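So this one's input.tsv, TSV, C-alpha atoms:
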```tsv
chain	number	residue	atom	x	y	z
A	9	MET	CA	-8.71	-44.72	-35.31
A	10	SER	CA	-8.13	-43.64	-38.86
A	11	ASN	CA	-4.62	-44.17	-40.12
A	12	LYS	CA	-4.74	-40.59	-41.45
A	13	ASP	CA	-5.32	-39.14	-37.98
A	14	ILE	CA	-1.69	-38.64	-37.05
A	15	LEU	CA	-0.20	-36.88	-34.03
A	16	THR	CA	2.77	-34.74	-35.06
A	17	ILE	CA	5.26	-33.50	-32.47
A	18	ALA	CA	8.40	-31.60	-33.50
A	19	GLY	CA	7.97	-32.79	-37.07
A	20	LYS	CA	7.72	-36.50	-36.25
A	21	GLU	CA	4.50	-38.45	-36.78
A	22	TYR	CA	2.96	-40.87	-34.28
A	23	GLY	CA	0.03	-43.22	-34.73
A	24	SER	CA	-0.77	-43.39	-31.01
A	25	ARG	CA	-2.12	-40.50	-28.96
A	26	LEU	CA	-1.50	-42.31	-25.67
A	27	LEU	CA	1.84	-41.49	-24.07
A	28	VAL	CA	2.87	-43.53	-21.04
A	29	GLY	CA	5.37	-43.37	-18.22
A	30	SER	CA	7.87	-46.06	-17.28
A	31	GLY	CA	7.87	-45.86	-13.48
A	32	LYS	CA	6.00	-47.53	-10.60
A	33	TYR	CA	5.74	-50.98	-12.19
A	34	ARG	CA	6.73	-54.13	-10.31
A	35	ASP	CA	9.58	-54.88	-12.70
A	36	LEU	CA	10.85	-54.21	-16.21
A	37	ASP	CA	8.88	-57.12	-17.68
A	38	GLU	CA	5.62	-55.60	-16.50
A	39	THR	CA	6.75	-52.23	-17.85
A	40	ARG	CA	7.19	-53.74	-21.30
A	41	ALA	CA	3.94	-55.72	-21.19
A	42	ALA	CA	1.88	-52.67	-20.19
A	43	THR	CA	3.58	-50.50	-22.80
A	44	ASP	CA	2.77	-53.06	-25.48
A	45	ALA	CA	-0.86	-53.26	-24.34
A	46	ALA	CA	-1.12	-49.46	-24.51
A	47	GLN	CA	0.42	-49.51	-28.00
A	48	ALA	CA	2.24	-46.35	-26.94
A	49	GLU	CA	5.09	-45.00	-29.04
A	50	ILE	CA	6.34	-42.25	-26.71
A	51	ILE	CA	7.58	-43.36	-23.29
A	52	THR	CA	8.55	-40.87	-20.58
A	53	VAL	CA	11.55	-41.63	-18.41
A	54	ALA	CA	12.48	-39.88	-15.17
A	55	ILE	CA	16.20	-39.44	-15.65
A	56	ARG	CA	16.83	-38.98	-11.93
A	57	ARG	CA	15.12	-42.26	-11.04
A	58	VAL	CA	15.39	-44.66	-13.97
A	59	ASN	CA	18.59	-46.11	-15.40
A	60	ILE	CA	19.08	-45.60	-19.14
A	61	GLY	CA	22.83	-45.96	-19.02
A	62	GLN	CA	23.86	-43.83	-16.05
A	63	ASP	CA	24.77	-47.06	-14.21
A	64	PRO	CA	26.31	-49.58	-16.63
A	65	ASN	CA	26.22	-52.28	-13.94
A	66	ALA	CA	22.45	-52.15	-13.39
A	67	PRO	CA	19.53	-53.22	-15.60
A	68	SER	CA	18.58	-50.50	-18.07
A	69	LEU	CA	15.09	-49.54	-19.16
A	70	LEU	CA	16.43	-49.55	-22.71
A	71	ASP	CA	16.90	-53.31	-22.43
A	72	VAL	CA	13.11	-53.75	-22.58
A	73	LEU	CA	12.12	-50.51	-24.35
A	74	PRO	CA	14.84	-50.09	-26.98
A	75	LEU	CA	15.32	-46.87	-28.91
A	76	SER	CA	14.78	-48.79	-32.13
A	77	GLU	CA	11.14	-49.40	-31.17
A	78	TYR	CA	10.13	-46.42	-29.03
A	79	THR	CA	10.63	-42.69	-28.70
A	80	ILE	CA	12.11	-42.22	-25.25
A	81	LEU	CA	11.04	-38.92	-23.69
A	82	PRO	CA	13.44	-37.94	-20.90
A	83	ASN	CA	11.75	-35.90	-18.19
A	84	THR	CA	12.88	-33.82	-15.24
A	85	ALA	CA	10.69	-35.34	-12.52
A	86	GLY	CA	12.06	-34.37	-9.13
A	87	CYS	CA	13.50	-31.03	-10.25
A	88	TYR	CA	12.47	-27.88	-8.36
A	89	ARG	CA	14.76	-25.33	-10.01
A	90	ALA	CA	15.24	-24.35	-13.61
A	91	LYS	CA	18.99	-24.94	-13.58
A	92	ASP	CA	18.56	-28.50	-12.25
A	93	ALA	CA	16.04	-29.30	-14.97
A	94	VAL	CA	18.32	-27.93	-17.68
A	95	TYR	CA	21.29	-29.92	-16.39
A	96	THR	CA	19.22	-33.11	-16.20
A	97	LEU	CA	18.08	-32.85	-19.81
A	98	GLN	CA	21.56	-31.99	-21.03
A	99	MET	CA	22.75	-35.20	-19.34
A	100	ALA	CA	19.90	-37.13	-20.99
A	101	ARG	CA	20.91	-35.77	-24.39
A	102	GLU	CA	24.40	-37.14	-23.90
A	103	LEU	CA	23.14	-40.54	-22.71
A	104	LEU	CA	20.80	-40.84	-25.70
A	105	GLY	CA	23.26	-39.76	-28.38
A	106	GLY	CA	22.04	-36.24	-29.05
A	107	HIS	CA	18.33	-36.84	-28.47
A	108	LYS	CA	16.41	-33.53	-28.70
A	109	LEU	CA	12.82	-34.32	-27.67
A	110	VAL	CA	12.37	-33.88	-23.93
A	111	LYS	CA	9.69	-33.29	-21.32
A	112	LEU	CA	10.27	-30.38	-18.97
A	113	GLU	CA	8.69	-30.25	-15.54
A	114	VAL	CA	9.80	-27.99	-12.70
A	115	LEU	CA	7.86	-28.61	-9.52
A	116	GLY	CA	6.81	-26.09	-6.90
A	117	ASP	CA	6.81	-28.37	-3.85
A	118	ASP	CA	6.83	-32.04	-2.93
A	119	LYS	CA	3.30	-32.06	-1.50
A	120	THR	CA	1.22	-30.94	-4.49
A	121	LEU	CA	3.81	-31.49	-7.25
A	122	PHE	CA	2.19	-28.47	-8.89
A	123	PRO	CA	4.38	-26.81	-11.53
A	124	ASN	CA	6.49	-23.81	-10.58
A	125	MET	CA	5.65	-21.72	-13.60
A	126	PRO	CA	8.30	-18.96	-13.28
A	127	GLU	CA	11.03	-21.62	-13.07
A	128	THR	CA	9.36	-23.62	-15.86
A	129	LEU	CA	9.33	-20.59	-18.16
A	130	ALA	CA	12.98	-19.84	-17.41
A	131	ALA	CA	14.04	-23.43	-18.06
A	132	ALA	CA	12.01	-23.58	-21.28
A	133	GLU	CA	13.74	-20.48	-22.64
A	134	THR	CA	17.17	-21.94	-21.90
A	135	LEU	CA	16.37	-25.35	-23.38
A	136	VAL	CA	14.83	-23.98	-26.58
A	137	ARG	CA	17.89	-21.76	-27.10
A	138	ASP	CA	20.04	-24.85	-26.59
A	139	GLY	CA	18.29	-26.68	-29.42
A	140	PHE	CA	15.93	-28.95	-27.48
A	141	ASP	CA	12.40	-29.80	-28.63
A	142	VAL	CA	10.56	-29.11	-25.39
A	143	MET	CA	7.28	-30.65	-24.32
A	144	VAL	CA	6.32	-28.94	-21.09
A	145	TYR	CA	4.23	-29.83	-18.03
A	146	CYS	CA	2.33	-26.75	-16.96
A	147	SER	CA	-0.63	-25.41	-15.02
A	148	ASP	CA	-4.00	-25.29	-16.75
A	149	ASP	CA	-3.62	-21.54	-17.22
A	150	PRO	CA	-4.21	-20.44	-20.83
A	151	ILE	CA	-1.93	-17.42	-20.46
A	152	GLN	CA	1.01	-19.48	-19.19
A	153	ALA	CA	0.39	-22.07	-21.91
A	154	ARG	CA	0.48	-19.36	-24.57
A	155	MET	CA	3.73	-17.97	-23.14
A	156	LEU	CA	5.33	-21.42	-23.35
A	157	GLU	CA	4.22	-21.78	-26.96
A	158	GLU	CA	5.62	-18.33	-27.78
A	159	ILE	CA	8.97	-19.36	-26.26
A	160	GLY	CA	9.05	-22.21	-28.77
A	161	CYS	CA	7.88	-25.31	-26.89
A	162	VAL	CA	6.66	-28.03	-29.24
A	163	ALA	CA	3.80	-29.20	-27.00
A	164	VAL	CA	2.08	-27.92	-23.87
A	165	MET	CA	1.03	-30.43	-21.23
A	166	PRO	CA	-1.46	-28.95	-18.76
A	167	LEU	CA	-2.37	-30.99	-15.71
A	168	ALA	CA	-5.86	-32.42	-15.36
A	169	SER	CA	-5.39	-32.60	-11.59
A	170	LEU	CA	-2.48	-33.28	-9.24
A	171	ILE	CA	0.18	-35.79	-10.30
A	172	GLY	CA	-0.73	-39.28	-9.15
A	173	SER	CA	-4.06	-38.17	-7.67
A	174	GLY	CA	-6.35	-40.00	-10.10
A	175	MET	CA	-8.94	-37.24	-9.64
A	176	GLY	CA	-9.54	-36.77	-13.37
A	177	ILE	CA	-10.16	-33.49	-15.17
A	178	LEU	CA	-11.12	-30.90	-12.58
A	179	ASN	CA	-11.29	-27.85	-14.85
A	180	PRO	CA	-12.44	-28.75	-18.37
A	181	TRP	CA	-13.14	-25.08	-19.15
A	182	ASN	CA	-9.50	-24.06	-18.75
A	183	LEU	CA	-8.40	-27.00	-20.88
A	184	SER	CA	-10.86	-25.94	-23.57
A	185	LEU	CA	-9.42	-22.42	-23.57
A	186	ILE	CA	-5.89	-23.78	-23.97
A	187	ILE	CA	-6.97	-26.10	-26.79
A	188	GLU	CA	-8.81	-23.30	-28.58
A	189	GLN	CA	-5.77	-21.04	-28.75
A	190	ALA	CA	-2.94	-23.54	-29.13
A	191	LYS	CA	-1.07	-24.05	-32.39
A	192	VAL	CA	1.01	-26.88	-30.93
A	193	PRO	CA	-0.26	-30.19	-29.54
A	194	VAL	CA	-2.02	-30.09	-26.17
A	195	ILE	CA	-1.34	-33.24	-24.15
A	196	VAL	CA	-3.14	-33.74	-20.83
A	197	ASP	CA	-0.57	-34.65	-18.23
A	198	ALA	CA	-1.26	-35.72	-14.63
A	199	GLY	CA	-4.39	-36.67	-12.75
A	200	VAL	CA	-5.98	-39.24	-15.07
A	201	GLY	CA	-7.37	-42.09	-12.97
A	202	THR	CA	-9.38	-44.32	-15.27
A	203	ALA	CA	-10.46	-44.80	-18.86
A	204	SER	CA	-13.35	-42.33	-18.75
A	205	ASP	CA	-10.94	-39.54	-17.75
A	206	ALA	CA	-8.83	-40.23	-20.83
A	207	ALA	CA	-11.90	-40.33	-23.06
A	208	ILE	CA	-13.14	-36.99	-21.71
A	209	ALA	CA	-9.77	-35.36	-22.35
A	210	MET	CA	-9.86	-36.51	-25.96
A	211	GLU	CA	-13.52	-35.51	-26.40
A	212	LEU	CA	-12.56	-31.99	-25.31
A	213	GLY	CA	-10.12	-31.87	-28.22
A	214	CYS	CA	-6.81	-32.65	-26.55
A	215	ASP	CA	-4.25	-34.07	-28.95
A	216	GLY	CA	-3.15	-36.79	-26.56
A	217	VAL	CA	-2.97	-38.00	-22.98
A	218	LEU	CA	0.09	-38.89	-20.91
A	219	MET	CA	-0.28	-41.16	-17.89
A	220	ASN	CA	1.70	-43.44	-15.60
A	221	SER	CA	0.09	-43.97	-12.19
A	222	ALA	CA	-3.36	-44.73	-13.62
A	223	ILE	CA	-1.89	-47.76	-15.37
A	224	ALA	CA	0.99	-48.82	-13.13
A	225	LEU	CA	-0.95	-48.58	-9.84
A	226	SER	CA	-4.07	-50.39	-11.06
A	227	TYR	CA	-4.69	-53.99	-9.96
A	228	ASP	CA	-3.98	-55.23	-13.48
A	229	PRO	CA	-1.65	-52.78	-15.24
A	230	VAL	CA	-1.57	-54.64	-18.54
A	231	ARG	CA	-5.34	-54.79	-18.78
A	232	MET	CA	-5.68	-51.15	-17.72
A	233	ALA	CA	-3.16	-50.13	-20.38
A	234	GLY	CA	-5.37	-51.75	-22.98
A	235	ALA	CA	-8.43	-49.98	-21.57
A	236	MET	CA	-6.64	-46.63	-21.76
A	237	ARG	CA	-5.68	-47.27	-25.36
A	238	LEU	CA	-9.31	-47.90	-26.28
A	239	ALA	CA	-10.51	-44.88	-24.28
A	240	VAL	CA	-8.12	-42.53	-26.04
A	241	GLN	CA	-9.16	-43.90	-29.41
A	242	ALA	CA	-12.88	-43.66	-28.60
A	243	GLY	CA	-12.57	-40.12	-27.25
A	244	ARG	CA	-10.66	-39.00	-30.31
A	245	GLU	CA	-13.19	-40.55	-32.68
A	246	ALA	CA	-16.04	-38.89	-30.77
A	247	PHE	CA	-14.29	-35.51	-31.00
A	248	LEU	CA	-13.75	-35.89	-34.73
A	249	ALA	CA	-17.35	-37.04	-35.25
A	250	GLY	CA	-18.76	-34.05	-33.35
A	251	ARG	CA	-21.23	-34.65	-30.54
A	252	MET	CA	-24.92	-33.78	-30.82
A	253	PRO	CA	-25.97	-30.46	-29.26
A	254	LYS	CA	-27.25	-30.50	-25.70
A	255	ARG	CA	-30.93	-29.60	-25.37
A	256	PHE	CA	-33.18	-28.65	-22.49
A	257	ALA	CA	-36.09	-30.66	-23.87
A	258	ALA	CA	-36.59	-34.20	-25.06
A	259	SER	CA	-36.24	-35.04	-28.74
A	260	PRO	CA	-37.63	-38.48	-29.68
A	261	SER	CA	-35.41	-40.86	-31.60
A	262	SER	CA	-38.47	-41.81	-33.67
A	263	PRO	CA	-40.19	-38.53	-34.65
A	264	MET	CA	-43.97	-38.42	-34.55
A	265	ALA	CA	-44.25	-36.42	-37.80
A	266	GLY	CA	-44.86	-38.58	-40.86
A	267	ARG	CA	-45.70	-41.68	-38.83
A	268	LEU	CA	-47.99	-44.36	-40.20
A	269	GLN	CA	-51.54	-44.20	-38.81
```

Could you express the structure from this file as structure tokens?
Amino acid sequence: MSNKDILTIAGKEYGSRLLVGSGKYRDLDETRAATDAAQAEIITVAIRRVNIGQDPNAPSLLDVLPLSEYTILPNTAGCYRAKDAVYTLQMARELLGGHKLVKLEVLGDDKTLFPNMPETLAAAETLVRDGFDVMVYCSDDPIQARMLEEIGCVAVMPLASLIGSGMGILNPWNLSLIIEQAKVPVIVDAGVGTASDAAIAMELGCDGVLMNSAIALSYDPVRMAGAMRLAVQAGREAFLAGRMPKRFAASPSSPMAGRLQ
């Protein structure tokens, strides 16, 4: 990928368009190895599940993914109400010394893990007023995505399919509508299962892809992380290059006109 093709979120530049999660690995060593293979710079952390200082007597994720090397993105996984999400991110800000960049997700139920959009919108308004830079997990609804951008969120993160499902992008048309209208980065979040899913997201014009389960639950997480890195890069390059138009008739690679007799 060209060094000039930079992802900018909340005024900060990133060379990688692959964002990764930090959960579901066998141990912290595997977490670090997979993160390195992905060459990710932004790492999401579920504040309610992962220790980043809440328990000083337990191993901390920051021991293997230090703030000096990575942008830690606290998220509100496991929150079902706006007020719980706001409280969780306020706690994260204290733990991380005033850190402003966060990922908001407010879930509707524990079966689908689909976003509760009314609660998400309410939490986003509160967090933006409180000075947070909010990246937000949302439905693949272009109207809801636009509302979140108008509130002041710095990135919208529509799902490709259900969290942890690995089903890939189920509605590319909705994603395309969100991408077409957005003035902030669009990061696909949830549902990616393998490298081709990540490449398709980038070919559609998404600015990045966030994933956890697709890497951590594979048979070889470190190798899969490397595959995802290459897929994101290839999809981005294909998008920038511009694909050929689709045709309903064949067009020979070696034209007949002007051929030698």

Pick from A:Ala209, A:Ala42, A:Val142, A:Val136: nearest to Leu167 of chain A, with all atoms listed in the file counted?
A:Ala209

Around the point (-5.3, -26.1, -25.9) (coordinates from the file), which residues reach within 9 Å if we count all atoms listed in the file? Answer as a PyMOL selection string.
chain A and resi 150+153-154+164-166+182-195+213-215

Pairwise distance for atom CA of Gly250 of chain A and atom CA of Val217 of chain A, rounded to one decimal in Å:
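Rounded to one decimal, the two atoms are 19.3 Å apart.
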
So how many Å separate atom CA of Thr120 of chain A and atom CA of Ser173 of chain A, to one decimal?
9.5 Å

re atom CA of Gly216 of chain A and atom CA of Thr134 of chain A: distance 25.6 Å

Would you place a box with edges along x, y and z of the file around all atoms of segment 223-237 of chain A listed there, add 8 Å to each of its six sides, and report the centre and edge lengths in Å to one decimal, as lines of an AutoDock Vina configuration file?
```
center_x = -3.7
center_y = -50.9
center_z = -17.6
size_x = 25.4
size_y = 24.6
size_z = 31.5
```

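Of the residues listed (A:Ser68, A:Ser76, A:Thr39, A:Thr96), A:Thr96 shows the shortest atom-to-atom separation from Ile55 of chain A; distances use only C-alpha atoms.
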
Fewer than 6 positions away in the same chain doesn't count, so skip those; otherwise give me all residues within 12 Å of Val94 of chain A, counting only C-alpha atoms, as a ChimeraX atom specification.
/A:55,82-85,87-88,100-101,110-114,127-140,142

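Distance check against Leu109 of chain A using all atoms listed in the file: of A:Val196, A:Val53, A:Ile60, A:Val72, the minimum falls on A:Val53.
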
Judged by all atoms listed in the file, the minimum distance to Leu121 of chain A among A:Asn59, A:Val144, A:Gly199, A:Met99 is found for A:Gly199

With only C-alpha atoms as the counted atoms, please give the residues lying no more than 6 Å from segment 202-206 of chain A, apart from itself and same-chain residues fewer than 6 positions off, as a PyMOL selection string.
chain A and resi 176+236+239-240

Those same residues - C-alpha atoms - I'd like them written as a PDB file, keeping the file's coordinate frame.
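Below you can see result-v3.pdb, which holds the result:
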```
ATOM      1  CA  GLY A 176      -9.540 -36.770 -13.370  1.00  0.00           C
ATOM      2  CA  MET A 236      -6.640 -46.630 -21.760  1.00  0.00           C
ATOM      3  CA  ALA A 239     -10.510 -44.880 -24.280  1.00  0.00           C
ATOM      4  CA  VAL A 240      -8.120 -42.530 -26.040  1.00  0.00           C
TER       5      VAL A 240
END
```

Determine, counting all atoms listed in the file, which protein, DNA and RNA residues have an atom within 6 Å of an atom of Ala46 of chain A; residues of the same chain fewer than 2 positions away are not included. Present the result as a ChimeraX atom specification.
/A:43-44,48,233-234,237

Contacts of segment 103-105 of chain A at 9 Å or less, counting all atoms listed in the file, minus same-chain residues fewer than 6 places along, as a compact mmCIF listing (two decimals) with C-alpha atoms, in the coordinates of the input?
```
# COMPACT_ATOMS: atom_id res chain seq x y z
CA ILE A 60 19.08 -45.60 -19.14
CA GLY A 61 22.83 -45.96 -19.02
CA GLN A 62 23.86 -43.83 -16.05
CA LEU A 75 15.32 -46.87 -28.91
CA ILE A 80 12.11 -42.22 -25.25
```
